[in-house]
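Visitor: Handing you this structure, nothing more for now.
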Amino acid sequence: MASKNSARSPAKRLRQDSSSPADNFNLPPPTFDLDTWANNYDGALLPLRLSHVAIHCPSLSRQAIGLAISHAKKSKNVRQYTHLCDLAGQLHFKDLGTPDSEWVSRQEEGNKRELSRLEGELRGYKNNLIRESIRMGQEDLATHHLITGGPPPDPNTVQQLGGSGYSAAYLAFSKTRDYCTTPSHMASMMLRLIYTALLQAVSSMQAGGSSGGNFANTLSNCSRLRSSGVKAEEQVKLEPIAAAMSGISLLGQGNYRDAATTFLSTPIAYNTLGAVHGTDFGRAIASANDIAIYGGLCALATMSRQDLIDRVLGGSFRAFLELEPHMRKAISLYTTAKYKSCIDLLHHYYSDWSLDVFLGAASSSVGNASHVDGLFAKIREKSITAYLSSFSEVSLASLASTFPPVSSSPTAMEEEALGLIESGLLDARLDVVNGTIIAPRKELRSGTHGDAARTAEDMERMLLLRLHKVNAVMAGLEVPKPKNGNWAEGGFYQ
């Protein structure tokens, strides 16, 4: 249940932050149907996805929070259910804001009984000293913490704070390491740690906390998963998951360049993996369509035109882009210098991507704006820089017609151009009086003269070397090479 002493609840953040330039708390309706979109996912992350939609999109708020409460009530996570009911009340949906107290008490009692039973079984396994039984008992206990959301935090016990919520599940899964006897057991443990760490990250972000440590844990476990030592046929299933989850973690950290490289290396087999060791990451965390969007945006924001042509449109990642034709089209428009059409197409799907629980999360690397805003800003900067590289002089009015300013200020275009120049992204100077951007003039004549002089010096040196050889031959100073071609036999050394 959400704490009553919380400084800023999600609903309050919705009202207080709605004045920001990129108004991510009052998004227009997306292009997708919410029920169809929700059917693509399942697991503990689905209610968090739906609550993210409810907070950020007023037109879908009631439907999203209703679906989230319905899915939470089908699970055993009582705290998540009551938190969503509190959120519905904060969003002024009083009919949805009243929790089912009978279900809550019944489920809490059931969870306590199950926890007591699992802990008792685990103690018995440890007394018998059977490693496999201990591993399975520890895994069952960790899974129970995962599906119930873990024990509630006790603020009076500092040591217990790290073992509450999803942290309890993560710690419990980590303890199975000492009892794993095969590489397959290790791989299973790593997959569960990756899944739990990403759940922790999303929960922390929605609570206004830091998720950096959770993403770092995910990257560490993905690295171990790649070297788990399982058989080749099993490693083929693990590699797509490791690449996709590493990319999501790098995206969450704001490391867009490395995220793009990692997403591009994800095998298309990710789309047809299904459940691996009991978890279908394509439904529980991110679908192949999501990977196409994440990888496409990160690549478009950080890679050169030639890399986009060779590695994105012409590489193995194109199979992902076929799942999202509009993403492929946006990249194609950029590579053909149709920057305005590219940016317009991206903005058409701005709401869809901002409602994604990973892309729409706030990022400290872009001033607490969402990752979508940060990626869009980088794509816009790249587009403006590439557009201006073709001209020696461009008026601000012409630039504004191609790239409409992001704000309504009359000096918005001038300030944006000045920012690009000061940051070093644009090699030009701004003529404020005439309203033009002027590229530095290149002295073509002096450059041509310099190239000619260097060529003449190279030719002179080559001719001198040839004259030296001719003079050496005429003076009889050249040592003839033996006819058999072997210097050691009848040649110079005899």
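Just remember, in the structure tokens the first chain shown is A, the second B, etc., residues are 1-based per chain, and ligands are 1-based in the order shown.
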I'd like to know which residues of region 333-419 of chain A are alpha helix (DSSP H) (by DSSP, run on the backbone); could you write them as an MDAnalysis selection string?
Guide: chainID A and resid 333:335 339:348 350:354 371:388 396:402 412:419
Visitor: If you count only C-alpha atoms, which residues fall within 8 Å of Ser184 (chain A), apart from same-chain ones fewer than 4 positions away, as JSON, numbers by chain?
Guide: {"A": [188, 228, 230]}
Visitor: What does the file look like for those residues with N, CA and C atoms, as a PDB file, in the first residue's frame?
Guide:
```
ATOM      1  N   SER A 188      19.394 -20.988 -15.039  1.00  0.00           N
ATOM      2  CA  SER A 188      18.042 -20.751 -14.526  1.00  0.00           C
ATOM      3  C   SER A 188      18.046 -19.672 -13.447  1.00  0.00           C
ATOM      4  N   SER A 228      27.694 -19.074 -18.941  1.00  0.00           N
ATOM      5  CA  SER A 228      27.206 -20.032 -17.944  1.00  0.00           C
ATOM      6  C   SER A 228      27.706 -21.449 -18.200  1.00  0.00           C
ATOM      7  N   VAL A 230      26.526 -23.706 -20.437  1.00  0.00           N
ATOM      8  CA  VAL A 230      25.518 -24.700 -20.814  1.00  0.00           C
ATOM      9  C   VAL A 230      25.820 -25.247 -22.205  1.00  0.00           C
TER      10      VAL A 230
END
```
Visitor: Dump as JSON lines the rows for residues of region 117-211 of chain A within 10 Å of region 232-245 of chain A: closest atom pair and distance in Å with one decimal, only C-alpha atoms counted, ordered by chain and rising residue number.
Guide:
```
{"residue": "A:Ser184", "atom": "CA", "partner": "A:Glu234", "partner_atom": "CA", "distance": 8.5}
{"residue": "A:Ala187", "atom": "CA", "partner": "A:Leu238", "partner_atom": "CA", "distance": 8.2}
{"residue": "A:Ser188", "atom": "CA", "partner": "A:Leu238", "partner_atom": "CA", "distance": 9.8}
{"residue": "A:Met190", "atom": "CA", "partner": "A:Ala242", "partner_atom": "CA", "distance": 9.8}
{"residue": "A:Leu191", "atom": "CA", "partner": "A:Ile241", "partner_atom": "CA", "distance": 8.6}
{"residue": "A:Ile194", "atom": "CA", "partner": "A:Met245", "partner_atom": "CA", "distance": 7.7}
{"residue": "A:Tyr195", "atom": "CA", "partner": "A:Met245", "partner_atom": "CA", "distance": 8.8}
{"residue": "A:Leu198", "atom": "CA", "partner": "A:Met245", "partner_atom": "CA", "distance": 8.6}
```
Visitor: Save the residues we just selected, all heavy atoms, as a PDB file, in the first residue's frame?
Guide:
```pdb
ATOM      1  N   SER A 184      23.077 -25.680 -16.140  1.00  0.00           N
ATOM      2  CA  SER A 184      21.666 -25.365 -16.388  1.00  0.00           C
ATOM      3  C   SER A 184      21.019 -24.733 -15.161  1.00  0.00           C
ATOM      4  O   SER A 184      20.198 -23.811 -15.278  1.00  0.00           O
ATOM      5  CB  SER A 184      20.913 -26.638 -16.787  1.00  0.00           C
ATOM      6  OG  SER A 184      19.565 -26.363 -17.087  1.00  0.00           O
ATOM      7  N   ALA A 187      22.187 -21.146 -15.094  1.00  0.00           N
ATOM      8  CA  ALA A 187      21.492 -20.337 -16.095  1.00  0.00           C
ATOM      9  C   ALA A 187      20.077 -20.010 -15.640  1.00  0.00           C
ATOM     10  O   ALA A 187      19.597 -18.873 -15.803  1.00  0.00           O
ATOM     11  CB  ALA A 187      21.461 -21.085 -17.429  1.00  0.00           C
ATOM     12  N   SER A 188      19.394 -20.988 -15.039  1.00  0.00           N
ATOM     13  CA  SER A 188      18.042 -20.751 -14.526  1.00  0.00           C
ATOM     14  C   SER A 188      18.046 -19.672 -13.447  1.00  0.00           C
ATOM     15  O   SER A 188      17.179 -18.791 -13.429  1.00  0.00           O
ATOM     16  CB  SER A 188      17.470 -22.059 -13.972  1.00  0.00           C
ATOM     17  OG  SER A 188      16.198 -21.853 -13.400  1.00  0.00           O
ATOM     18  N   MET A 190      20.282 -17.247 -13.102  1.00  0.00           N
ATOM     19  CA  MET A 190      20.592 -15.950 -13.719  1.00  0.00           C
ATOM     20  C   MET A 190      19.360 -15.344 -14.382  1.00  0.00           C
ATOM     21  O   MET A 190      19.120 -14.137 -14.284  1.00  0.00           O
ATOM     22  CB  MET A 190      21.710 -16.113 -14.750  1.00  0.00           C
ATOM     23  CG  MET A 190      23.049 -16.493 -14.162  1.00  0.00           C
ATOM     24  SD  MET A 190      23.648 -15.303 -12.949  1.00  0.00           S
ATOM     25  CE  MET A 190      25.047 -16.215 -12.286  1.00  0.00           C
ATOM     26  N   LEU A 191      18.578 -16.170 -15.062  1.00  0.00           N
ATOM     27  CA  LEU A 191      17.363 -15.660 -15.709  1.00  0.00           C
ATOM     28  C   LEU A 191      16.392 -15.092 -14.677  1.00  0.00           C
ATOM     29  O   LEU A 191      15.780 -14.030 -14.907  1.00  0.00           O
ATOM     30  CB  LEU A 191      16.697 -16.777 -16.507  1.00  0.00           C
ATOM     31  CG  LEU A 191      17.397 -17.211 -17.795  1.00  0.00           C
ATOM     32  CD1 LEU A 191      16.710 -18.434 -18.391  1.00  0.00           C
ATOM     33  CD2 LEU A 191      17.416 -16.071 -18.812  1.00  0.00           C
ATOM     34  N   ILE A 194      17.738 -11.761 -13.422  1.00  0.00           N
ATOM     35  CA  ILE A 194      17.540 -10.704 -14.420  1.00  0.00           C
ATOM     36  C   ILE A 194      16.104 -10.205 -14.385  1.00  0.00           C
ATOM     37  O   ILE A 194      15.844  -8.993 -14.358  1.00  0.00           O
ATOM     38  CB  ILE A 194      17.908 -11.232 -15.821  1.00  0.00           C
ATOM     39  CG1 ILE A 194      19.416 -11.453 -15.936  1.00  0.00           C
ATOM     40  CG2 ILE A 194      17.436 -10.273 -16.910  1.00  0.00           C
ATOM     41  CD1 ILE A 194      19.836 -12.227 -17.170  1.00  0.00           C
ATOM     42  N   TYR A 195      15.160 -11.129 -14.382  1.00  0.00           N
ATOM     43  CA  TYR A 195      13.743 -10.761 -14.358  1.00  0.00           C
ATOM     44  C   TYR A 195      13.398  -9.966 -13.093  1.00  0.00           C
ATOM     45  O   TYR A 195      12.725  -8.922 -13.152  1.00  0.00           O
ATOM     46  CB  TYR A 195      12.904 -12.036 -14.436  1.00  0.00           C
ATOM     47  CG  TYR A 195      11.417 -11.815 -14.347  1.00  0.00           C
ATOM     48  CD1 TYR A 195      10.744 -11.023 -15.269  1.00  0.00           C
ATOM     49  CD2 TYR A 195      10.668 -12.401 -13.326  1.00  0.00           C
ATOM     50  CE1 TYR A 195       9.378 -10.822 -15.188  1.00  0.00           C
ATOM     51  CE2 TYR A 195       9.301 -12.219 -13.233  1.00  0.00           C
ATOM     52  CZ  TYR A 195       8.662 -11.424 -14.173  1.00  0.00           C
ATOM     53  OH  TYR A 195       7.303 -11.225 -14.077  1.00  0.00           O
ATOM     54  N   LEU A 198      14.878  -6.352 -13.100  1.00  0.00           N
ATOM     55  CA  LEU A 198      14.127  -5.418 -13.945  1.00  0.00           C
ATOM     56  C   LEU A 198      12.801  -5.032 -13.295  1.00  0.00           C
ATOM     57  O   LEU A 198      12.351  -3.886 -13.415  1.00  0.00           O
ATOM     58  CB  LEU A 198      13.893  -6.038 -15.326  1.00  0.00           C
ATOM     59  CG  LEU A 198      15.144  -6.146 -16.202  1.00  0.00           C
ATOM     60  CD1 LEU A 198      14.851  -6.907 -17.480  1.00  0.00           C
ATOM     61  CD2 LEU A 198      15.691  -4.758 -16.537  1.00  0.00           C
TER      62      LEU A 198
END
```
Visitor: Using only C-alpha atoms, which of the listed residues (A:His145, A:His326, A:Arg311, A:His277) sits closest to Leu264 (chain A)?
Guide: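 So, comparing all the options, the nearest one is A:Arg311.
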Visitor: Would you list the contacts of region 333-341 of chain A as a ChimeraX atom specification, taking every protein, DNA or RNA residue within 12 Å and counting only C-alpha atoms, but skipping same-chain residues closer than 2 positions in sequence?
Guide: /A:296-297,299-301,303-310,312-313,326-331,343-348,379-390,399-405
Visitor: For the residues selected in the previous step, produce a file with C-alpha atoms as a tab-separated table (two decimals), in the first residue's frame.
Guide:
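Final output, saved to out12.tsv:
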```
chain	number	residue	atom	x	y	z
A	296	GLY	CA	15.67	1.75	-33.82
A	297	LEU	CA	15.41	4.89	-31.71
A	299	ALA	CA	20.48	3.75	-33.37
A	300	LEU	CA	18.80	6.74	-35.02
A	301	ALA	CA	19.91	8.97	-32.16
A	303	MET	CA	24.74	6.29	-35.26
A	304	SER	CA	25.98	7.87	-38.47
A	305	ARG	CA	24.05	7.71	-41.72
A	306	GLN	CA	26.38	5.07	-43.14
A	307	ASP	CA	26.06	2.90	-40.02
A	308	LEU	CA	22.28	3.16	-40.24
A	309	ILE	CA	22.40	1.96	-43.84
A	310	ASP	CA	24.90	-0.84	-43.28
A	312	VAL	CA	20.48	-1.26	-39.20
A	313	LEU	CA	18.68	-1.33	-42.55
A	326	HIS	CA	7.00	2.87	-39.24
A	327	MET	CA	10.31	2.61	-37.38
A	328	ARG	CA	12.00	1.25	-40.50
A	329	LYS	CA	10.44	4.04	-42.56
A	330	ALA	CA	11.68	6.72	-40.15
A	331	ILE	CA	15.25	5.43	-40.42
A	343	ILE	CA	10.78	13.87	-37.35
A	344	ASP	CA	7.07	14.24	-38.17
A	345	LEU	CA	6.70	10.46	-38.34
A	346	LEU	CA	8.47	10.01	-35.02
A	347	HIS	CA	6.24	12.59	-33.33
A	348	HIS	CA	3.17	10.76	-34.61
A	379	ILE	CA	17.71	12.87	-33.36
A	380	ARG	CA	16.65	16.49	-33.90
A	381	GLU	CA	20.20	17.75	-33.21
A	382	LYS	CA	21.64	15.23	-35.68
A	383	SER	CA	19.07	16.18	-38.31
A	384	ILE	CA	19.70	19.94	-37.99
A	385	THR	CA	23.47	19.45	-38.13
A	386	ALA	CA	23.24	17.21	-41.20
A	387	TYR	CA	20.83	19.63	-42.91
A	388	LEU	CA	23.08	22.65	-42.36
A	389	SER	CA	26.18	20.81	-43.61
A	390	SER	CA	24.86	21.13	-47.18
A	399	LEU	CA	15.47	26.46	-40.73
A	400	ALA	CA	12.33	26.97	-38.64
A	401	SER	CA	10.11	25.97	-41.57
A	402	THR	CA	12.02	22.69	-41.93
A	403	PHE	CA	12.43	22.06	-38.20
A	404	PRO	CA	9.54	23.76	-36.34
A	405	PRO	CA	10.72	25.04	-32.93
```
Visitor: I'd like the contact shell of Leu27 (chain A) - 7 Å cut-off, only C-alpha atoms, skipping same-chain residues fewer than 5 positions apart - returned as a PyMOL selection string.
Guide: chain A and resi 56-57+351
Visitor: Would you write out those residues with C-alpha atoms, as a PDB file, in the first residue's frame?
Guide:
```pdb
ATOM      1  CA  HIS A  56       0.464   9.715 -17.995  1.00  0.00           C
ATOM      2  CA  CYS A  57      -2.554   9.530 -20.340  1.00  0.00           C
ATOM      3  CA  SER A 351       2.468   9.057 -27.143  1.00  0.00           C
TER       4      SER A 351
END
```
Visitor: Grab the CA of Tyr294 (chain A) to CA of Leu375 (chain A) distance for me, in Å with one decimal place.
Guide: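 Separation of CA of Tyr294 (chain A) and CA of Leu375 (chain A): 10.1 Å.
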Visitor: Which residues are near Glu393 (chain A)? Cut-off 9 Å, only C-alpha atoms, ignore same chain within fewer than 2 positions. Put them as a list of chain:residue names.
Guide: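 Once the adjacent positions are removed, what remains is A:Leu388, A:Phe391, A:Ser395, A:Thr436, A:Ile437, A:Ile438, A:Ala439.
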Visitor: Now that the selection is made, can you save its residues with N, CA, C and O atoms as a compact mmCIF listing (two decimals), in the first residue's frame?
Guide:
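As a result, selection-v8.txt now contains:
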```
# COMPACT_ATOMS: atom_id res chain seq x y z
N LEU A 388 22.28 21.44 -42.18
CA LEU A 388 23.08 22.65 -42.36
C LEU A 388 24.41 22.36 -43.04
O LEU A 388 25.02 23.28 -43.61
N PHE A 391 24.83 23.54 -46.75
CA PHE A 391 24.70 24.95 -47.13
C PHE A 391 25.81 25.78 -46.49
O PHE A 391 26.31 25.44 -45.42
N SER A 395 18.99 30.86 -43.53
CA SER A 395 18.26 31.80 -42.68
C SER A 395 17.54 31.03 -41.58
O SER A 395 17.16 29.86 -41.75
N THR A 436 20.73 34.74 -39.77
CA THR A 436 21.27 33.67 -40.61
C THR A 436 22.32 32.87 -39.84
O THR A 436 22.94 33.37 -38.90
N ILE A 437 22.49 31.64 -40.26
CA ILE A 437 23.56 30.77 -39.76
C ILE A 437 24.57 30.62 -40.88
O ILE A 437 24.22 30.19 -41.99
N ILE A 438 25.81 30.97 -40.61
CA ILE A 438 26.85 31.00 -41.64
C ILE A 438 27.90 29.95 -41.33
O ILE A 438 28.47 29.93 -40.24
N ALA A 439 28.14 29.08 -42.29
CA ALA A 439 29.17 28.05 -42.13
C ALA A 439 30.54 28.65 -42.38
O ALA A 439 30.67 29.63 -43.13
```
Visitor: Taking only C-alpha atoms into account, name the residue in A:Cys180, A:Gln206, A:Leu430, A:His468 that is nearest to Met413 (chain A).
Guide: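 Comparing A:Cys180, A:Gln206, A:Leu430, A:His468 against Met413 (chain A), the winner is A:Leu430.
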Visitor: Taking only C-alpha atoms into account, which of A:Ala377, A:Ile268, A:Thr261, A:Gly282 comes nearest Gly295 (chain A)?
Guide: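 For Gly295 (chain A), the nearest of the given residues is A:Thr261.
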Visitor: Write out as a PyMOL selection string each polymer residue whose atoms come within 8 Å of Ala68 (chain A), counting only C-alpha atoms; drop sequence neighbours fewer than 2 positions from it.
Guide: chain A and resi 46-48+50-51+64-66+70-72+84
Visitor: Skip Asp352 (chain A) itself and residues of its chain fewer than 5 positions away, then list as JSON, numbers by chain all residues within 9 Å of it, counting only C-alpha atoms.
Guide: {"A": [29, 30, 31, 32]}
Visitor: Suppose you want the space between CA of Arg135 (chain A) and CA of Gly120 (chain A); what is it in Å?
Guide: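 Distance between the two atoms: 14.2 Å.
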Visitor: Between A:Gln63, A:Gln200, A:Gln138, A:Thr36, which has the minimum distance to Glu119 (chain A) (counting only C-alpha atoms)?
Guide: A:Gln138
Visitor: Under the rule that only C-alpha atoms are counted, which of A:Ile147, A:Ala54, A:Ala88, A:Val406 is the nearest residue to Ser75 (chain A)?
Guide: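 Looking only at the distances to Ser75 (chain A), the closest residue turns out to be A:Ile147.
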